[in-house]
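So this block is model05.txt, compact mmCIF, C-alpha atoms:
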# COMPACT_ATOMS: atom_id res chain seq x y z
CA MET Z 1 273.41 5.08 108.61
CA SER Z 2 270.79 7.62 109.62
CA MET Z 3 270.15 11.29 110.30
CA SER Z 4 268.35 13.16 113.07
CA ALA Z 5 265.36 15.40 112.38
CA ASN Z 6 267.33 18.37 113.70
CA GLU Z 7 270.21 17.66 111.32
CA ILE Z 8 267.81 17.56 108.36
CA GLU Z 9 266.07 20.76 109.46
CA SER Z 10 269.28 22.71 110.02
CA MET Z 11 270.71 21.66 106.66
CA ILE Z 12 267.53 22.78 104.88
CA LYS Z 13 267.43 26.06 106.79
CA GLU Z 14 271.09 26.73 106.04
CA ALA Z 15 270.34 26.62 102.32
CA LEU Z 16 266.83 28.09 102.53
CA PRO Z 17 267.08 30.57 105.44
CA ASP Z 18 263.47 31.78 105.23
CA SER Z 19 262.02 28.28 105.15
CA VAL Z 20 259.49 26.82 107.54
CA VAL Z 21 260.33 23.14 107.97
CA VAL Z 22 258.01 20.59 109.61
CA ILE Z 23 259.59 17.14 109.96
CA GLU Z 24 257.92 13.95 111.13
CA ASP Z 25 259.84 10.82 112.06
CA LEU Z 26 257.74 8.13 110.41
CA ARG Z 27 259.33 5.05 111.95
CA GLY Z 28 261.68 6.21 114.68
CA ASP Z 29 264.64 4.59 112.91
CA GLY Z 30 266.34 7.80 111.75
CA ASP Z 31 265.85 6.73 108.16
CA HIS Z 32 262.22 7.43 107.29
CA TYR Z 33 260.96 10.97 107.62
CA SER Z 34 258.35 13.21 106.06
CA ALA Z 35 259.11 16.89 105.64
CA HIS Z 36 256.99 19.83 104.60
CA VAL Z 37 259.15 22.75 103.49
CA LYS Z 38 257.67 26.18 102.84
CA SER Z 39 259.82 28.95 101.36
CA ALA Z 40 259.48 32.08 99.24
CA LEU Z 41 262.52 30.84 97.32
CA PHE Z 42 260.23 28.24 95.73
CA ASN Z 43 258.10 30.91 94.07
CA GLY Z 44 258.11 30.47 90.28
CA LYS Z 45 259.89 27.12 90.51
CA SER Z 46 258.45 23.83 89.27
CA LYS Z 47 257.78 21.02 91.76
CA ILE Z 48 260.86 19.19 90.51
CA GLN Z 49 263.02 22.29 90.97
CA GLN Z 50 261.62 22.85 94.46
CA HIS Z 51 262.42 19.29 95.50
CA GLN Z 52 265.88 19.51 93.87
CA MET Z 53 266.58 22.64 95.96
CA VAL Z 54 265.82 20.64 99.13
CA TYR Z 55 267.93 17.70 97.95
CA LYS Z 56 270.83 20.07 97.22
CA ALA Z 57 270.47 21.48 100.74
CA LEU Z 58 270.96 17.92 102.02
CA LYS Z 59 274.33 17.83 100.22
CA GLY Z 60 274.16 14.34 98.73
CA LYS Z 61 272.74 12.64 101.83
CA MET Z 62 269.35 12.03 100.17
CA GLY Z 63 269.24 8.45 98.92
CA GLN Z 64 272.49 7.72 100.74
CA GLN Z 65 272.57 8.35 104.49
CA LEU Z 66 268.89 9.28 104.34
CA HIS Z 67 266.87 6.49 102.78
CA ALA Z 68 263.39 7.94 102.74
CA LEU Z 69 262.16 11.51 102.95
CA ALA Z 70 258.53 11.96 101.94
CA LEU Z 71 258.79 15.54 100.76
CA LYS Z 72 256.14 18.17 100.30
CA THR Z 73 257.10 21.69 99.24
CA SER Z 74 255.05 24.84 98.99
CA ALA Z 75 255.92 28.33 97.92
CA GLU Z 76 255.13 31.28 100.16
CA ASP Z 77 251.67 32.72 99.29
CA MET O 1 276.57 13.19 91.38
CA THR O 2 278.89 10.83 89.57
CA GLU O 3 279.89 11.56 85.95
CA LEU O 4 277.38 10.04 83.48
CA ASP O 5 278.87 7.36 81.20
CA GLU O 6 278.00 7.92 77.52
CA GLY O 7 276.79 4.34 77.09
CA VAL O 8 274.41 4.62 80.04
CA LYS O 9 273.21 8.04 78.85
CA SER O 10 272.31 6.76 75.38
CA ARG O 11 270.64 3.71 76.93
CA ILE O 12 268.44 5.99 79.02
CA GLU O 13 267.71 8.29 76.08
CA LYS O 14 266.71 5.30 73.95
CA GLU O 15 264.28 4.04 76.63
CA ILE O 16 262.59 7.40 77.15
CA SER O 17 262.38 8.22 73.45
CA SER O 18 261.05 4.85 72.32
CA ASN O 19 258.47 4.45 75.10
CA GLU O 20 255.84 7.06 75.88
CA VAL O 21 255.77 6.25 79.61
CA VAL O 22 258.84 4.82 81.37
CA LEU O 23 259.24 4.08 85.06
CA PHE O 24 262.79 3.49 86.26
CA MET O 25 262.09 1.43 89.34
CA LYS O 26 263.43 -1.14 91.78
CA GLY O 27 262.02 -4.46 90.64
CA THR O 28 259.29 -4.89 88.05
CA PRO O 29 255.66 -3.77 87.87
CA VAL O 30 254.61 -7.31 88.80
CA PHE O 31 257.31 -7.75 91.48
CA PRO O 32 258.28 -4.28 92.78
CA GLN O 33 261.17 -4.47 95.27
CA CYS O 34 260.57 -1.17 97.07
CA GLY O 35 257.52 0.56 98.50
CA PHE O 36 258.05 3.77 96.59
CA SER O 37 258.47 1.99 93.25
CA SER O 38 255.44 -0.12 94.04
CA MET O 39 253.37 2.98 94.85
CA VAL O 40 254.07 4.70 91.54
CA SER O 41 253.58 1.50 89.59
CA GLN O 42 250.20 0.96 91.26
CA VAL O 43 249.09 4.57 90.69
CA LEU O 44 249.84 4.27 86.96
CA SER O 45 247.99 0.94 86.71
CA HIS O 46 245.10 2.36 88.73
CA ILE O 47 244.54 5.20 86.24
CA GLY O 48 244.94 2.74 83.34
CA VAL O 49 248.27 3.98 82.01
CA GLU O 50 250.48 1.46 80.25
CA PHE O 51 254.15 1.96 80.96
CA LYS O 52 257.54 0.35 80.49
CA GLY O 53 259.11 -0.66 83.80
CA VAL O 54 262.92 -0.61 83.82
CA ASP O 55 264.43 -2.51 86.75
CA VAL O 56 267.49 -0.60 87.94
CA LEU O 57 268.35 -3.38 90.38
CA ALA O 58 269.14 -5.57 87.40
CA GLU O 59 271.53 -2.92 86.01
CA PRO O 60 273.62 -1.19 88.73
CA THR O 61 275.23 1.26 86.25
CA LEU O 62 271.71 2.37 85.30
CA ARG O 63 270.77 2.83 88.95
CA ASP O 64 273.44 5.51 89.40
CA GLY O 65 273.30 6.76 85.82
CA ILE O 66 269.61 7.69 85.99
CA LYS O 67 270.28 9.81 89.08
CA SER O 68 272.95 11.82 87.27
CA PHE O 69 270.86 11.99 84.10
CA SER O 70 267.95 13.71 85.86
CA ASP O 71 269.89 15.27 88.75
CA TRP O 72 267.50 13.41 91.05
CA PRO O 73 268.89 11.32 93.93
CA THR O 74 266.29 8.60 94.30
CA ILE O 75 264.40 5.83 92.54
CA PRO O 76 261.67 5.53 91.19
CA GLN O 77 261.74 8.07 88.38
CA LEU O 78 258.85 8.60 85.98
CA TYR O 79 259.32 9.85 82.40
CA VAL O 80 256.46 10.77 80.05
CA LYS O 81 257.18 11.57 76.39
CA GLY O 82 260.87 11.87 77.24
CA GLU O 83 260.32 14.36 80.06
CA PHE O 84 261.17 13.70 83.72
CA ILE O 85 257.95 14.05 85.72
CA GLY O 86 259.20 13.22 89.20
CA GLY O 87 259.69 10.62 91.89
CA CYS O 88 257.19 9.04 94.27
CA ASP O 89 256.29 12.22 96.17
CA ILE O 90 255.58 14.32 93.10
CA VAL O 91 253.68 11.57 91.26
CA LYS O 92 251.57 10.97 94.37
CA GLU O 93 250.87 14.71 94.75
CA MET O 94 249.97 15.00 91.05
CA TYR O 95 247.63 12.02 91.37
CA GLU O 96 245.93 13.54 94.42
CA ASN O 97 245.32 16.90 92.73
CA GLY O 98 244.31 15.40 89.35
CA GLU O 99 247.37 16.69 87.45
CA LEU O 100 248.57 13.16 86.67
CA GLN O 101 245.34 12.15 84.96
CA GLU O 102 245.38 15.45 83.04
CA LEU O 103 248.92 14.72 81.87
CA PHE O 104 247.76 11.52 80.19
CA ASP O 105 244.54 12.98 78.82
CA LYS O 106 246.57 15.36 76.60
What does this structure look like when you write it as structure tokens?
Amino acid sequence: MSMSANEIESMIKEALPDSVVVIEDLRGDGDHYSAHVKSALFNGKSKIQQHQMVYKALKGKMGQQLHALALKTSAED
Amino acid sequence: MTELDEGVKSRIEKEISSNEVVLFMKGTPVFPQCGFSSMVSQVLSHIGVEFKGVDVLAEPTLRDGIKSFSDWPTIPQLYVKGEFIGGCDIVKEMYENGELQELFDK
């Protein structure tokens, strides 16, 4: 079970259209990525809420099809 | 997220209300079974915070239940004074910017 970087990026962008998404494939196995997501939609949201928004964008794949996503979020300045 | 069974919910509530710091993790603090759980466990020990480790691998219903309880899809999960603080990424980020130490200085 795995996902491609493009799949992850397009799912995030579908839910957070203004987002800037930088994804790094940590091990080349389609299962371990890092992602930095920047979006104005994060403004005023706690870190937990920001991460939950990204997990919702991934529609249940996080922790299932996608084992590890080291996630960093930042609101638009 | 699967529906949260009442028994599992009260089990979780009991853990997080009767222990100031609780880490739902894979494995135990001494024998963590996953890199992310190990990372958070080490960070807490490094800053001298005592915590209760709850091994979700030993209780499969808890492993899914905790994810529904906090609406968070992964393990580990850190709770302080009954409040969900975050998973590995957030705890690591808080440690790096000093927020984690501040949290325990209160």
Atom CA of Leu58 of chain Z to atom CA of Leu41 of chain Z, distance in Å rounded to a single decimal:
16.1 Å
Within 10 Å of (261.0, 20.5, 94.8), in the coordinates the file gives, what residues turn up when you count all atoms listed in the file, written out as a PDB file with C-alpha atoms, keeping the file's coordinate frame?
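Everything below was put into out-v3.pdb:
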ATOM      1  CA  VAL Z  37     259.150  22.750 103.490  1.00  0.00           C
ATOM      2  CA  PHE Z  42     260.230  28.240  95.730  1.00  0.00           C
ATOM      3  CA  LYS Z  45     259.890  27.120  90.510  1.00  0.00           C
ATOM      4  CA  SER Z  46     258.450  23.830  89.270  1.00  0.00           C
ATOM      5  CA  LYS Z  47     257.780  21.020  91.760  1.00  0.00           C
ATOM      6  CA  ILE Z  48     260.860  19.190  90.510  1.00  0.00           C
ATOM      7  CA  GLN Z  49     263.020  22.290  90.970  1.00  0.00           C
ATOM      8  CA  GLN Z  50     261.620  22.850  94.460  1.00  0.00           C
ATOM      9  CA  HIS Z  51     262.420  19.290  95.500  1.00  0.00           C
ATOM     10  CA  GLN Z  52     265.880  19.510  93.870  1.00  0.00           C
ATOM     11  CA  MET Z  53     266.580  22.640  95.960  1.00  0.00           C
ATOM     12  CA  VAL Z  54     265.820  20.640  99.130  1.00  0.00           C
ATOM     13  CA  TYR Z  55     267.930  17.700  97.950  1.00  0.00           C
ATOM     14  CA  LEU Z  71     258.790  15.540 100.760  1.00  0.00           C
ATOM     15  CA  LYS Z  72     256.140  18.170 100.300  1.00  0.00           C
ATOM     16  CA  THR Z  73     257.100  21.690  99.240  1.00  0.00           C
ATOM     17  CA  SER Z  74     255.050  24.840  98.990  1.00  0.00           C
ATOM     18  CA  ALA Z  75     255.920  28.330  97.920  1.00  0.00           C
TER      19      ALA Z  75
ATOM     20  CA  GLY O  86     259.200  13.220  89.200  1.00  0.00           C
ATOM     21  CA  ASP O  89     256.290  12.220  96.170  1.00  0.00           C
ATOM     22  CA  ILE O  90     255.580  14.320  93.100  1.00  0.00           C
TER      23      ILE O  90
END
Please provide the set of residues having any atom within 10 Å of Pro29 of chain O, restricted to only C-alpha atoms, with same-chain residues fewer than 3 positions apart removed, written as number ranges by chain.
O: 23, 25-26, 32-33, 37-42, 44-45, 51-55
Can you spit out the residues from that selection as an mmCIF file, in the coordinates of the input, using C-alpha atoms?
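New file out_27.cif:
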data_model
loop_
_atom_site.group_PDB
_atom_site.id
_atom_site.type_symbol
_atom_site.label_atom_id
_atom_site.label_comp_id
_atom_site.auth_asym_id
_atom_site.auth_seq_id
_atom_site.Cartn_x
_atom_site.Cartn_y
_atom_site.Cartn_z
ATOM 1 C CA LEU O 23 259.240 4.080 85.060
ATOM 2 C CA MET O 25 262.090 1.430 89.340
ATOM 3 C CA LYS O 26 263.430 -1.140 91.780
ATOM 4 C CA PRO O 32 258.280 -4.280 92.780
ATOM 5 C CA GLN O 33 261.170 -4.470 95.270
ATOM 6 C CA SER O 37 258.470 1.990 93.250
ATOM 7 C CA SER O 38 255.440 -0.120 94.040
ATOM 8 C CA MET O 39 253.370 2.980 94.850
ATOM 9 C CA VAL O 40 254.070 4.700 91.540
ATOM 10 C CA SER O 41 253.580 1.500 89.590
ATOM 11 C CA GLN O 42 250.200 0.960 91.260
ATOM 12 C CA LEU O 44 249.840 4.270 86.960
ATOM 13 C CA SER O 45 247.990 0.940 86.710
ATOM 14 C CA PHE O 51 254.150 1.960 80.960
ATOM 15 C CA LYS O 52 257.540 0.350 80.490
ATOM 16 C CA GLY O 53 259.110 -0.660 83.800
ATOM 17 C CA VAL O 54 262.920 -0.610 83.820
ATOM 18 C CA ASP O 55 264.430 -2.510 86.750
#
Using all atoms listed in the file, find the residues of chain O whose closest atom to chain Z is at most 12 Å away, then write them as number ranges by chain.
O: 1-2, 34-36, 63-64, 67-68, 70-78, 83-94
May I have the residues within 10 Å of Asp18 of chain Z as a PyMOL selection string, using all atoms listed in the file and disregarding those fewer than 3 positions away in the same chain?
chain Z and resi 12-15+21+38-41+76
Nearest residue to Lys14 of chain O out of O:Gly48, O:Gly65, O:Gly27, O:Gly82, using all atoms listed in the file?
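Of O:Gly48, O:Gly65, O:Gly27, O:Gly82, the one nearest Lys14 of chain O is O:Gly82, counting all atoms listed in the file.
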Nearest residue to Glu96 of chain O out of O:Glu6, O:Thr61, O:Val43, O:Val49, using only C-alpha atoms?
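Nearest to Glu96 of chain O: O:Val43.
Between Glu20 of chain O and the residues O:Tyr95, O:Gly7, O:Leu100, O:Glu50, the shortest atom-to-atom distance, using only C-alpha atoms, involves O:Glu50.
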Have a look at atom CA of Ala57 of chain Z and atom CA of Met11 of chain Z and let me know their distance in Å, one decimal.
5.9 Å
Interatomic distance, atom CA of Lys59 of chain Z to atom CA of Gly30 of chain Z (Å, one decimal):
17.2 Å
